[in-house]
>>> print(open('run.txt').read())   # compact mmCIF, C-alpha atoms
# COMPACT_ATOMS: atom_id res chain seq x y z
CA MET F 151 0.00 0.00 0.00
CA THR F 152 1.32 3.41 -0.95
CA ARG F 153 1.61 5.96 1.83
CA LEU F 154 2.82 8.90 -0.22
CA ARG F 155 3.07 9.40 -3.97
CA VAL F 156 4.86 12.45 -5.34
CA ARG F 157 4.72 13.21 -9.04
CA ASP F 158 6.37 15.91 -11.12
CA LEU F 159 6.82 18.13 -8.07
CA ALA F 160 8.56 21.50 -8.35
CA CYS F 161 9.20 23.72 -5.36
CA ALA F 162 10.67 27.14 -4.78
CA ARG F 163 12.34 28.90 -1.91
CA GLY F 164 12.04 32.66 -1.66
CA GLY F 165 10.60 32.78 -5.17
CA VAL F 166 13.57 30.92 -6.69
CA PRO F 167 12.82 27.46 -8.12
CA VAL F 168 15.01 25.00 -6.25
CA LEU F 169 13.74 21.57 -7.24
CA SER F 170 11.87 20.28 -10.26
CA ASP F 171 10.53 16.96 -11.51
CA VAL F 172 10.73 15.37 -8.06
CA ALA F 173 9.02 11.98 -8.17
CA PHE F 174 8.97 9.09 -5.72
CA THR F 175 6.56 6.74 -4.02
CA LEU F 176 6.74 5.72 -0.41
CA GLY F 177 5.17 2.42 0.51
CA GLN F 178 3.77 1.24 3.81
CA GLY F 179 6.52 0.42 6.30
CA ARG F 180 9.19 2.11 4.18
CA ALA F 181 11.61 4.86 5.10
CA LEU F 182 13.26 7.27 2.71
CA ILE F 183 16.53 9.02 3.51
CA LEU F 184 17.03 12.33 1.71
CA ARG F 185 20.58 13.20 0.88
CA GLY F 186 22.07 16.19 -0.81
CA PRO F 187 24.61 18.92 -0.14
CA ASN F 188 23.70 22.04 1.85
CA GLY F 189 21.44 24.25 -0.19
CA SER F 190 20.19 21.45 -2.42
CA GLY F 191 16.60 21.94 -1.26
CA LYS F 192 16.00 19.23 1.34
CA THR F 193 14.19 21.57 3.74
CA THR F 194 12.24 23.15 0.88
CA LEU F 195 11.05 19.74 -0.29
CA LEU F 196 10.06 18.66 3.22
CA ARG F 197 8.19 21.91 3.93
CA THR F 198 6.34 21.52 0.65
CA LEU F 199 5.38 17.95 1.53
CA ALA F 200 4.17 19.14 4.94
CA GLY F 201 1.96 21.78 3.30
CA LEU F 202 3.83 24.75 4.76
CA GLN F 203 4.45 26.16 1.30
CA PRO F 204 2.63 25.57 -1.98
CA ALA F 205 4.23 23.52 -4.73
CA LEU F 206 4.99 25.31 -8.00
CA ARG F 207 3.46 22.33 -9.81
CA GLY F 208 3.00 18.63 -9.42
CA THR F 209 0.96 16.46 -7.10
CA ILE F 210 1.42 15.08 -3.61
CA ASP F 211 -1.01 12.31 -2.76
CA PRO F 212 -2.38 12.23 -0.09
CA GLY F 213 -2.10 15.84 1.06
CA PRO F 214 -0.55 17.40 4.17
CA GLU F 215 -3.21 15.92 6.48
CA ALA F 216 -1.37 12.58 6.30
CA VAL F 217 1.97 14.15 7.20
CA ALA F 218 3.53 14.96 10.57
CA TYR F 219 6.44 17.38 10.31
CA ALA F 220 9.42 17.92 12.61
CA GLY F 221 11.61 20.78 11.46
CA HIS F 222 14.77 22.44 12.74
CA ALA F 223 12.96 24.08 15.66
CA ASP F 224 11.32 21.97 18.33
CA GLY F 225 8.40 24.26 19.13
CA LEU F 226 8.82 23.90 22.89
CA LYS F 227 7.65 26.31 25.55
CA GLY F 228 10.43 26.74 28.10
CA GLY F 229 8.08 27.72 30.91
CA LEU F 230 6.07 24.49 30.68
CA SER F 231 7.14 21.06 31.91
CA VAL F 232 8.01 18.19 29.60
CA ALA F 233 4.66 16.56 30.32
CA ALA F 234 2.76 19.84 29.79
CA ASN F 235 4.44 20.41 26.43
CA LEU F 236 3.49 16.93 25.26
CA THR F 237 -0.01 17.13 26.73
CA PHE F 238 -0.62 20.31 24.74
CA TRP F 239 0.35 18.63 21.46
CA ALA F 240 -1.58 15.49 22.42
CA GLY F 241 -4.67 17.69 22.82
CA ILE F 242 -4.09 19.40 19.47
CA PHE F 243 -3.75 16.05 17.69
CA GLY F 244 -6.56 14.40 19.64
CA THR F 245 -4.39 11.83 21.42
CA ARG F 246 -5.09 10.87 25.05
CA ASP F 247 -1.97 9.19 26.38
CA ILE F 248 1.47 10.79 26.36
CA ALA F 249 3.18 7.83 28.11
CA PRO F 250 4.22 6.03 24.87
CA ALA F 251 5.89 9.21 23.61
CA LEU F 252 7.72 9.72 26.92
CA GLU F 253 8.90 6.10 26.92
CA ALA F 254 9.99 6.05 23.29
CA PHE F 255 12.40 8.93 23.89
CA ASP F 256 13.39 8.05 27.47
CA LEU F 257 11.80 11.19 28.93
CA THR F 258 9.73 9.57 31.69
CA ASP F 259 12.17 10.62 34.42
CA LEU F 260 12.20 14.19 33.13
CA ARG F 261 8.44 14.63 32.82
CA GLU F 262 8.11 17.28 35.55
CA ARG F 263 11.22 19.20 34.46
CA ALA F 264 10.66 22.60 32.85
CA ALA F 265 11.61 22.47 29.18
CA GLN F 266 13.93 25.47 29.54
CA ASN F 267 16.09 23.46 31.98
CA LEU F 268 16.66 20.59 29.57
CA SER F 269 19.91 20.11 27.69
CA ALA F 270 19.96 20.66 23.93
CA GLY F 271 19.79 16.93 23.26
CA GLN F 272 16.93 16.45 25.73
CA LYS F 273 15.00 19.28 24.09
CA ARG F 274 15.51 17.63 20.73
CA ARG F 275 14.19 14.34 22.11
CA LEU F 276 11.15 16.13 23.49
CA GLY F 277 10.56 17.76 20.10
CA LEU F 278 10.79 14.37 18.38
CA ALA F 279 8.54 12.69 20.98
CA ARG F 280 5.73 14.92 19.72
CA MET F 281 5.68 12.90 16.48
CA VAL F 282 4.55 9.80 18.37
CA LEU F 283 1.42 11.74 19.42
CA THR F 284 0.40 12.85 15.95
CA GLN F 285 -1.04 9.48 14.85
CA ARG F 286 -0.29 10.40 11.25
CA PRO F 287 0.99 7.80 8.78
CA VAL F 288 3.88 9.74 7.23
CA TRP F 289 6.55 11.21 9.49
CA ILE F 290 8.86 13.85 8.03
CA PHE F 291 12.08 14.81 9.81
CA ASP F 292 14.46 17.58 8.89
CA GLU F 293 17.91 16.91 10.40
CA PRO F 294 16.46 15.12 13.44
CA THR F 295 19.80 14.07 14.93
CA VAL F 296 21.23 17.55 15.53
CA SER F 297 22.63 17.64 19.11
CA LEU F 298 21.64 14.00 19.77
CA ASP F 299 24.25 11.59 21.21
CA THR F 300 24.72 8.04 19.90
CA ALA F 301 22.29 6.52 22.40
CA SER F 302 19.60 9.08 21.54
CA VAL F 303 20.10 8.51 17.82
CA GLY F 304 19.45 4.83 18.60
CA LEU F 305 16.24 5.79 20.46
CA PHE F 306 15.15 7.86 17.49
CA ALA F 307 15.90 5.03 15.02
CA ARG F 308 13.91 2.56 17.15
CA ALA F 309 10.97 4.97 17.37
CA VAL F 310 10.96 5.30 13.58
CA GLU F 311 11.27 1.53 13.18
CA SER F 312 8.29 0.88 15.44
CA HIS F 313 6.29 3.45 13.46
CA LEU F 314 7.23 1.64 10.23
CA ALA F 315 6.31 -1.71 11.78
CA GLN F 316 2.84 -0.30 12.52
CA GLY F 317 2.37 0.44 8.84
CA GLY F 318 3.63 4.01 8.77
CA ALA F 319 6.24 5.60 6.59
CA ALA F 320 9.00 8.14 7.16
CA ILE F 321 11.11 10.63 5.24
CA VAL F 322 14.32 11.74 6.94
CA ALA F 323 16.77 14.36 5.74
CA THR F 324 20.03 13.54 7.44
CA HIS F 325 23.77 13.31 6.89
CA ILE F 326 24.53 10.52 9.34
CA ASP F 327 23.85 6.80 9.21
CA LEU F 328 20.80 6.06 11.35
CA GLY F 329 21.05 2.28 11.01
CA LEU F 330 17.60 2.20 9.43
CA THR F 331 16.70 -0.05 6.54
CA ALA F 332 15.77 2.66 4.10
CA ASP F 333 15.86 3.76 0.51
CA VAL F 334 18.16 6.67 -0.23
CA LEU F 335 17.10 9.52 -2.47
CA ASP F 336 19.78 11.93 -3.61
CA ILE F 337 17.89 15.11 -4.38
CA ALA F 338 20.80 16.76 -6.20
CA GLN F 339 19.41 15.08 -9.35
CA PHE F 340 16.23 17.17 -9.09
CA ARG F 341 18.01 20.50 -8.95
CA ALA F 342 16.08 23.14 -10.86
CA ARG F 343 17.86 24.85 -13.68
CA ALA F 344 17.52 28.27 -12.03
CA MET F 345 20.07 27.08 -9.47
CA ASP F 346 22.74 27.87 -12.05
CA ASP F 347 21.83 31.49 -11.49
CA PRO F 348 24.59 32.94 -9.25
CA PHE F 349 22.00 34.84 -7.21
CA ALA F 350 20.28 31.60 -6.30
CA THR F 351 23.27 30.06 -4.51
CA GLY F 352 23.15 29.77 -0.76
CA VAL F 353 19.49 28.86 -0.68
CA ALA F 354 19.04 26.46 2.20
CA MET E 55 -8.49 25.37 20.24
CA ILE E 56 -9.50 25.47 23.88
CA ARG E 57 -6.14 23.86 24.65
CA LEU E 58 -4.36 26.57 22.71
CA VAL E 59 -6.17 29.28 24.66
CA ALA E 60 -5.46 27.48 27.94
CA ARG E 61 -1.78 27.10 27.06
CA ASP E 62 -1.45 30.77 26.11
CA LEU E 63 -3.11 31.84 29.35
CA MET E 64 -0.79 29.58 31.34
CA LEU E 65 2.24 30.98 29.53
CA ALA E 66 1.03 34.53 30.16
CA VAL E 67 0.62 33.82 33.86
CA ARG E 68 4.00 32.07 34.14
CA ALA E 69 5.85 34.74 32.20
CA GLY E 70 4.23 37.43 34.33
CA GLY E 71 4.47 40.17 31.71
CA GLY E 72 1.35 39.38 29.72
CA PHE E 73 -1.29 40.12 32.30
CA GLY E 74 0.28 43.04 34.13
CA LEU E 75 1.79 45.16 31.38
CA GLY E 76 -1.38 46.41 29.70
CA VAL E 77 -3.16 47.13 32.96
CA ALA E 78 -0.10 48.89 34.42
CA PHE E 79 0.18 51.07 31.32
CA PHE E 80 -3.53 51.90 31.51
CA LEU E 81 -3.12 52.83 35.17
CA ILE E 82 -0.15 55.09 34.39
CA VAL E 83 -1.92 56.94 31.56
CA VAL E 84 -5.10 57.51 33.55
CA THR E 85 -3.38 58.57 36.78
CA LEU E 86 -1.09 61.01 34.97
CA VAL E 87 -3.86 62.78 33.03
CA PRO E 88 -5.17 64.74 36.06
CA PHE E 89 -1.63 65.94 36.76
CA ALA E 90 -1.22 67.09 33.17
CA MET E 91 -4.68 68.65 32.83
CA GLY E 92 -4.88 70.26 36.26
CA PRO E 93 -7.28 69.48 39.11
CA ASP E 94 -10.40 71.06 37.59
CA THR E 95 -12.92 68.25 38.12
CA THR E 96 -15.51 69.53 35.62
CA ARG E 97 -12.92 69.61 32.85
CA LEU E 98 -11.72 66.11 33.84
CA SER E 99 -15.20 64.65 33.78
CA VAL E 100 -15.68 66.02 30.24
CA ILE E 101 -12.57 64.30 28.86
CA ALA E 102 -12.82 61.17 31.04
CA PRO E 103 -14.57 58.84 28.51
CA GLY E 104 -12.13 59.71 25.73
CA VAL E 105 -9.05 59.40 27.93
CA LEU E 106 -10.21 56.03 29.30
CA TRP E 107 -10.86 54.68 25.83
CA LEU E 108 -7.58 55.99 24.45
CA GLY E 109 -5.66 54.53 27.40
CA ALA E 110 -7.30 51.14 26.94
CA LEU E 111 -6.57 51.16 23.21
CA LEU E 112 -2.88 52.01 23.68
CA ALA E 113 -2.55 49.42 26.45
CA CYS E 114 -4.00 46.84 24.06
CA LEU E 115 -1.41 47.79 21.45
CA LEU E 116 1.51 47.13 23.80
CA SER E 117 1.46 43.35 23.82
CA LEU E 118 0.36 42.77 20.21
CA ASP E 119 3.76 42.06 18.68
CA ARG E 120 4.25 39.08 20.98
CA MET E 121 1.06 37.39 19.85
CA PHE E 122 2.59 35.32 17.05
CA ALA E 123 6.27 36.32 17.23
CA LEU E 124 7.13 34.01 20.14
CA ASP E 125 5.49 31.00 18.48
CA PHE E 126 7.13 31.90 15.18
CA GLU E 127 10.61 32.04 16.69
CA ASP E 128 10.49 28.69 18.50
CA GLY E 129 8.88 26.87 15.57
CA THR E 130 5.50 26.30 17.24
CA LEU E 131 3.71 28.19 14.48
CA ASP E 132 5.05 25.80 11.81
CA LEU E 133 3.83 22.87 13.86
CA LEU E 134 0.43 24.47 14.48
CA ALA E 135 0.09 25.15 10.76
CA THR E 136 0.57 21.43 10.07
CA ALA E 137 -1.73 20.40 12.95
CA PRO E 138 -5.34 19.29 12.42
CA ILE E 139 -6.84 22.57 13.65
CA PRO E 140 -7.34 25.17 10.90
CA LEU E 141 -5.09 28.22 10.97
CA GLU E 142 -8.21 30.40 11.24
CA GLY E 143 -8.94 28.61 14.50
CA VAL E 144 -5.38 29.22 15.69
CA VAL E 145 -5.81 32.95 14.98
CA ALA E 146 -9.15 33.09 16.78
CA ALA E 147 -7.70 31.23 19.78
CA LYS E 148 -4.71 33.57 19.90
CA ALA E 149 -6.94 36.65 19.71
CA LEU E 150 -9.19 35.25 22.44
CA ALA E 151 -6.18 34.56 24.68
CA HIS E 152 -4.93 38.11 24.02
CA TRP E 153 -8.32 39.54 24.92
CA LEU E 154 -8.52 37.48 28.12
CA THR E 155 -5.08 38.75 29.19
CA THR E 156 -5.51 42.41 28.16
CA GLY E 157 -8.99 43.46 27.03
CA LEU E 158 -10.88 41.77 29.84
CA PRO E 159 -8.63 43.06 32.69
CA LEU E 160 -8.73 46.55 31.13
CA THR E 161 -12.53 46.45 31.05
CA LEU E 162 -12.64 45.35 34.67
CA VAL E 163 -10.25 47.99 36.02
CA ALA E 164 -11.72 50.83 33.92
CA PRO E 165 -14.50 51.72 36.43
CA MET E 166 -11.95 52.03 39.23
CA LEU E 167 -9.73 54.29 37.17
CA ALA E 168 -12.77 56.26 36.01
CA VAL E 169 -13.15 57.50 39.60
CA LEU E 170 -9.76 59.22 39.25
CA LEU E 171 -11.09 61.16 36.26
CA ASN E 172 -14.38 62.06 37.95
CA LEU E 173 -16.53 60.25 35.40
CA PRO E 174 -20.21 60.97 36.17
CA ALA E 175 -21.89 58.06 37.97
CA GLN E 176 -24.35 57.37 35.16
CA GLY E 177 -21.46 56.78 32.75
CA PHE E 178 -19.89 53.80 34.50
CA THR E 179 -22.21 51.19 33.06
CA TRP E 180 -21.85 52.43 29.49
CA LEU E 181 -18.07 52.70 29.86
CA VAL E 182 -17.86 49.04 30.84
CA VAL E 183 -20.36 47.99 28.16
CA SER E 184 -18.50 49.89 25.43
CA LEU E 185 -15.13 48.44 26.47
CA ALA E 186 -16.52 44.92 26.75
CA LEU E 187 -17.95 45.27 23.24
CA GLY E 188 -14.99 47.09 21.68
CA THR E 189 -11.87 45.45 23.13
CA PRO E 190 -12.48 42.06 21.41
CA ALA E 191 -12.30 43.94 18.10
CA LEU E 192 -9.03 45.56 19.22
CA SER E 193 -7.54 42.11 19.94
CA MET E 194 -8.76 40.68 16.63
CA ILE E 195 -7.48 43.61 14.55
CA GLY E 196 -4.23 43.31 16.47
CA ALA E 197 -4.02 39.61 15.60
CA PHE E 198 -4.37 40.55 11.94
CA GLY E 199 -1.57 43.10 12.23
CA ALA E 200 0.61 40.65 14.15
CA ALA E 201 0.03 38.00 11.50
CA LEU E 202 1.06 40.44 8.76
CA THR E 203 4.31 41.36 10.50
CA VAL E 204 5.20 38.01 12.05
CA GLY E 205 8.26 37.28 9.94
CA LEU E 206 9.83 40.69 10.50
CA LYS E 207 12.53 41.36 13.03
CA ARG E 208 11.37 44.25 15.22
CA GLY E 209 8.09 44.48 13.35
CA GLY E 210 6.51 46.35 16.26
CA LEU E 211 6.74 49.77 14.62
CA LEU E 212 5.18 48.59 11.36
CA LEU E 213 2.56 46.69 13.34
CA SER E 214 1.51 49.83 15.23
CA LEU E 215 1.28 51.85 12.02
CA LEU E 216 -0.75 49.14 10.29
CA VAL E 217 -3.14 48.66 13.16
CA LEU E 218 -3.79 52.27 14.21
CA PRO E 219 -6.02 53.28 11.26
CA LEU E 220 -7.98 50.06 11.69
CA TYR E 221 -8.52 50.95 15.35
CA VAL E 222 -10.12 54.31 14.50
CA PRO E 223 -13.75 53.15 13.96
CA THR E 224 -13.73 51.16 17.19
CA LEU E 225 -12.29 54.13 19.07
CA ILE E 226 -14.78 56.62 17.62
CA PHE E 227 -17.88 54.56 18.37
CA GLY E 228 -16.58 53.14 21.66
CA ALA E 229 -15.65 56.55 23.06
CA GLU E 230 -18.94 57.97 21.75
CA VAL E 231 -20.92 55.33 23.66
CA ALA E 232 -18.97 56.15 26.83
CA ARG E 233 -19.36 59.93 26.32
CA ARG E 234 -23.08 59.81 25.63
CA GLY E 235 -23.54 57.46 28.56
CA ALA E 236 -21.70 59.87 30.86
CA GLU E 237 -23.83 62.79 29.66
CA GLY E 238 -27.03 60.82 30.06
CA MET E 239 -27.87 60.82 26.34
CA MET E 240 -29.20 58.01 24.14
CA VAL E 241 -26.43 55.53 23.32
CA SER E 242 -28.24 53.14 21.00
CA THR E 243 -26.84 54.49 17.70
CA PRO E 244 -23.11 54.42 18.52
CA LEU E 245 -23.64 51.20 20.47
CA ALA E 246 -25.16 49.53 17.40
CA LEU E 247 -22.32 50.81 15.21
CA LEU E 248 -19.69 49.63 17.73
CA ALA E 249 -21.30 46.20 17.84
CA GLY E 250 -21.39 46.18 14.04
CA VAL E 251 -17.69 47.01 13.78
CA SER E 252 -16.78 44.35 16.34
CA GLY E 253 -19.03 41.76 14.75
CA SER E 254 -17.67 42.21 11.26
CA VAL E 255 -14.07 42.31 12.52
CA LEU E 256 -14.55 39.07 14.44
CA ALA E 257 -16.25 37.43 11.47
CA LEU E 258 -13.82 38.46 8.72
CA LEU E 259 -10.36 39.04 10.13
CA PRO E 260 -9.57 35.46 11.28
CA PHE E 261 -9.57 34.49 7.60
CA ALA E 262 -7.43 37.45 6.56
CA ALA E 263 -4.99 36.84 9.42
CA ALA E 264 -4.71 33.13 8.60
CA GLY E 265 -3.99 34.04 4.97
CA ALA E 266 -1.26 36.44 6.08
CA LEU E 267 0.25 33.76 8.34
CA ARG E 268 0.32 31.24 5.49
CA VAL E 269 2.24 33.69 3.32
CA ASN E 270 4.68 34.49 6.12
CA LEU E 271 5.36 30.81 6.89
CA ARG E 272 6.50 30.01 3.37
>>> encode(input="run.txt", output="structure tokens")
Amino acid sequence: MTRLRVRDLACARGGVPVLSDVAFTLGQGRALILRGPNGSGKTTLLRTLAGLQPALRGTIDPGPEAVAYAGHADGLKGGLSVAANLTFWAGIFGTRDIAPALEAFDLTDLRERAAQNLSAGQKRRLGLARMVLTQRPVWIFDEPTVSLDTASVGLFARAVESHLAQGGAAIVATHIDLGLTADVLDIAQFRARAMDDPFATGVA
Amino acid sequence: MIRLVARDLMLAVRAGGGFGLGVAFFLIVVTLVPFAMGPDTTRLSVIAPGVLWLGALLACLLSLDRMFALDFEDGTLDLLATAPIPLEGVVAAKALAHWLTTGLPLTLVAPMLAVLLNLPAQGFTWLVVSLALGTPALSMIGAFGAALTVGLKRGGLLLSLLVLPLYVPTLIFGAEVARRGAEGMMVSTPLALLAGVSGSVLALLPFAAAGALRVNLR
């Protein structure tokens, strides 16, 4: 069963076309690793898939309502506790129980700690734990392993694996080896021709 | 949406600034006016409705730029935009939370501050009614301005300039209700117009603000 089908997709960043003719299908239980040098358009592609910016052309099937997105920022409120942060997102996504999310990212002992007192890696884990609450089939991660140590990367990989085992799918933009069984998509091949324009360089 | 309002209220209480700032500013403006205008109580009671309305409006303006900027900076706005609640609902929840932390406290303290300006006794009810009816519009218009300027660093100046002309109808009709109430005249006409302004603002601007947010999130 196909979880996400992308056809003939073109996306732009800041009005400059970055990617064109992007096409892939993502089956149930499959993960896709996005690779590409800095500025090749990984974030742009992921934000387009998440519905945060419109595509120039092409189709994404199904739409953003099937996609849960975790970007560079974790969206945490420092004044609230770990549990309160997760409970808020659980309420937004209509989930009752935050315990699985806490367990998956080893946050149970930290649940009463204010988010502003967490370390960078712990904050990242809390941001990623939100994905468990979304109950959406396709998870999209943009550089999820920033500031995570080896053990936490392992936690993250296991959380993704258990999501895949439940019939989900995931797209991860990353530069490190997560130890996941995944297809690799090098997006440099989709580079739009306007990228040859010297003014378009440095687009993240 | 209720959770979003509850979270914003909790953050406002924890951070301390949200609740107090607007009310403190209102207090400062209203207490300083008698010193600036002199102690002539008849003159004060003439300008009292206008000064109270102007003070409330400026106090409302103070905390507007934080409405979406904080959520934009820490990435929450991206996540809310991809969440199952519509962005229009997010805007309405944000505006409601802003009103609960500024407009509502301003409305409640206005009668106490009105004593300082020697507002005639018959005007108190209409002052509270006009503020209760008008301040939700101020929060909603402010949410629209905040959504337009959310991506800008230090967008506060632009936000104030954008929002001020939109505040004028609310100010005119709101202050007119309070003035007529204080002078014991009929208030139904300005009251109906104030309610009309507030109603149309609350009905239309969530959609405009959500559109502006979508553009700014790209």
>>> closest_atom_pairs(input="run.txt", of="chain F", to="chain E", cutoff="8 Å", atoms="all atoms listed in the file", output="tab-separated table")
residue	atom	partner	partner_atom	distance
F:Arg163	CA	E:Arg272	CA	8.0
F:Gly164	CA	E:Arg272	CA	7.9
F:Ala200	CA	E:Thr136	CA	6.7
F:Gly201	CA	E:Thr136	CA	6.9
F:Leu202	CA	E:Arg272	CA	6.1
F:Gln203	CA	E:Arg272	CA	4.8
F:Pro204	CA	E:Arg272	CA	8.0
F:Pro214	CA	E:Thr136	CA	7.2
F:Glu215	CA	E:Pro138	CA	7.2
F:Val217	CA	E:Thr136	CA	7.9
F:Ala218	CA	E:Thr136	CA	7.1
F:Tyr219	CA	E:Leu133	CA	7.0
F:Ala220	CA	E:Leu133	CA	7.6
F:Gly221	CA	E:Gly129	CA	7.8
F:His222	CA	E:Gly129	CA	7.9
F:Ala223	CA	E:Gly129	CA	4.9
F:Asp224	CA	E:Gly129	CA	6.1
F:Gly225	CA	E:Thr130	CA	4.0
F:Leu226	CA	E:Asp128	CA	6.7
F:Lys227	CA	E:Asp128	CA	8.0
F:Gly229	CA	E:Arg68	CA	6.8
F:Leu230	CA	E:Leu65	CA	7.6
F:Phe238	CA	E:Arg57	CA	6.6
F:Gly241	CA	E:Arg57	CA	6.6
F:Ile242	CA	E:Ala137	CA	7.0
F:Phe243	CA	E:Pro138	CA	6.4
>>> closest_residue(input="run.txt", among="E:Cys114, E:Ala246, E:Ala266, E:Val241", to="E:Ala191", atoms="only C-alpha atoms")
E:Cys114
>>> closest_residue(input="run.txt", among="E:Leu256, E:Leu150, E:Leu141, E:Leu247", to="E:Val231", atoms="only C-alpha atoms")
E:Leu247
>>> residues_near_point(input="run.txt", point="(16.4, 8.2, 23.8)", cutoff="7 Å", atoms="all atoms listed in the file", output="mmCIF file with C-alpha atoms, in the frame of the given file")
data_model
loop_
_atom_site.group_PDB
_atom_site.id
_atom_site.type_symbol
_atom_site.label_atom_id
_atom_site.label_comp_id
_atom_site.auth_asym_id
_atom_site.auth_seq_id
_atom_site.Cartn_x
_atom_site.Cartn_y
_atom_site.Cartn_z
ATOM 1 C CA ALA F 254 9.990 6.050 23.290
ATOM 2 C CA PHE F 255 12.400 8.930 23.890
ATOM 3 C CA ASP F 256 13.390 8.050 27.470
ATOM 4 C CA ARG F 275 14.190 14.340 22.110
ATOM 5 C CA ALA F 301 22.290 6.520 22.400
ATOM 6 C CA SER F 302 19.600 9.080 21.540
ATOM 7 C CA GLY F 304 19.450 4.830 18.600
ATOM 8 C CA LEU F 305 16.240 5.790 20.460
ATOM 9 C CA PHE F 306 15.150 7.860 17.490
#
>>> residues_near_point(input="run.txt", point="(27.0, 4.2, 15.7)", cutoff="12 Å", atoms="all atoms listed in the file", output="mmCIF file with C-alpha atoms, keeping the file's coordinate frame")
data_model
loop_
_atom_site.group_PDB
_atom_site.id
_atom_site.type_symbol
_atom_site.label_atom_id
_atom_site.label_comp_id
_atom_site.auth_asym_id
_atom_site.auth_seq_id
_atom_site.Cartn_x
_atom_site.Cartn_y
_atom_site.Cartn_z
ATOM 1 C CA LEU F 298 21.640 14.000 19.770
ATOM 2 C CA ASP F 299 24.250 11.590 21.210
ATOM 3 C CA THR F 300 24.720 8.040 19.900
ATOM 4 C CA ALA F 301 22.290 6.520 22.400
ATOM 5 C CA SER F 302 19.600 9.080 21.540
ATOM 6 C CA VAL F 303 20.100 8.510 17.820
ATOM 7 C CA GLY F 304 19.450 4.830 18.600
ATOM 8 C CA LEU F 305 16.240 5.790 20.460
ATOM 9 C CA ALA F 307 15.900 5.030 15.020
ATOM 10 C CA ILE F 326 24.530 10.520 9.340
ATOM 11 C CA ASP F 327 23.850 6.800 9.210
ATOM 12 C CA LEU F 328 20.800 6.060 11.350
ATOM 13 C CA GLY F 329 21.050 2.280 11.010
ATOM 14 C CA LEU F 330 17.600 2.200 9.430
#
>>> atom_distance(input="run.txt", atom1="atom CA of F:Thr209", atom2="atom CA of F:Leu195")
12.6 Å
>>> closest_residue(input="run.txt", among="E:Val67, E:Val222, E:Leu267, E:Val87", to="E:Leu154", atoms="all atoms listed in the file")
E:Val67
>>> atom_distance(input="run.txt", atom1="atom CA of E:Ala257", atom2="atom CA of E:Met240")
27.4 Å
>>> atom_distance(input="run.txt", atom1="atom CA of F:Val288", atom2="atom CA of F:His325")
20.2 Å
>>> residues_around(input="run.txt", residues="E:Thr156", least_positions_apart="5", cutoff="10 Å", atoms="only C-alpha atoms", output="list in words")
Gly72, Phe73, Gly74, Leu75, Gly76, Val77, Ala110, Ala113, Cys114, Leu115, Leu116, Ser117, Leu118, Leu150, Ala151, Thr161, Thr189, Pro190 and Ser193 of chain E
>>> closest_residue(input="run.txt", among="F:Ala251, F:Leu276, F:Val166, F:Ile290", to="F:Thr198", atoms="all atoms listed in the file")
F:Ile290
>>> closest_residue(input="run.txt", among="E:Leu63, E:Leu158, E:Leu216, E:Ala123", to="E:Ile195", atoms="all atoms listed in the file")
E:Leu216
>>> closest_residue(input="run.txt", among="E:Leu213, E:Met194, E:Leu108, E:Ala164", to="E:Gly253", atoms="all atoms listed in the file")
E:Met194
>>> residues_around(input="run.txt", residues="F:Ala265", least_positions_apart="5", cutoff="6 Å", atoms="all atoms listed in the file", output="list of chain:residue names")
F:Gly228, F:Ser231, F:Val232
>>> residues_around(input="run.txt", residues="E:Gly177", least_positions_apart="6", cutoff="7 Å", atoms="all atoms listed in the file", output="MDAnalysis selection string")
chainID E and resid 232 235:236
>>> residues_around(input="run.txt", residues="E:Pro93", least_positions_apart="5", cutoff="12 Å", atoms="all atoms listed in the file", output="PyMOL selection string")
chain E and resi 85-88+98-99+170-172
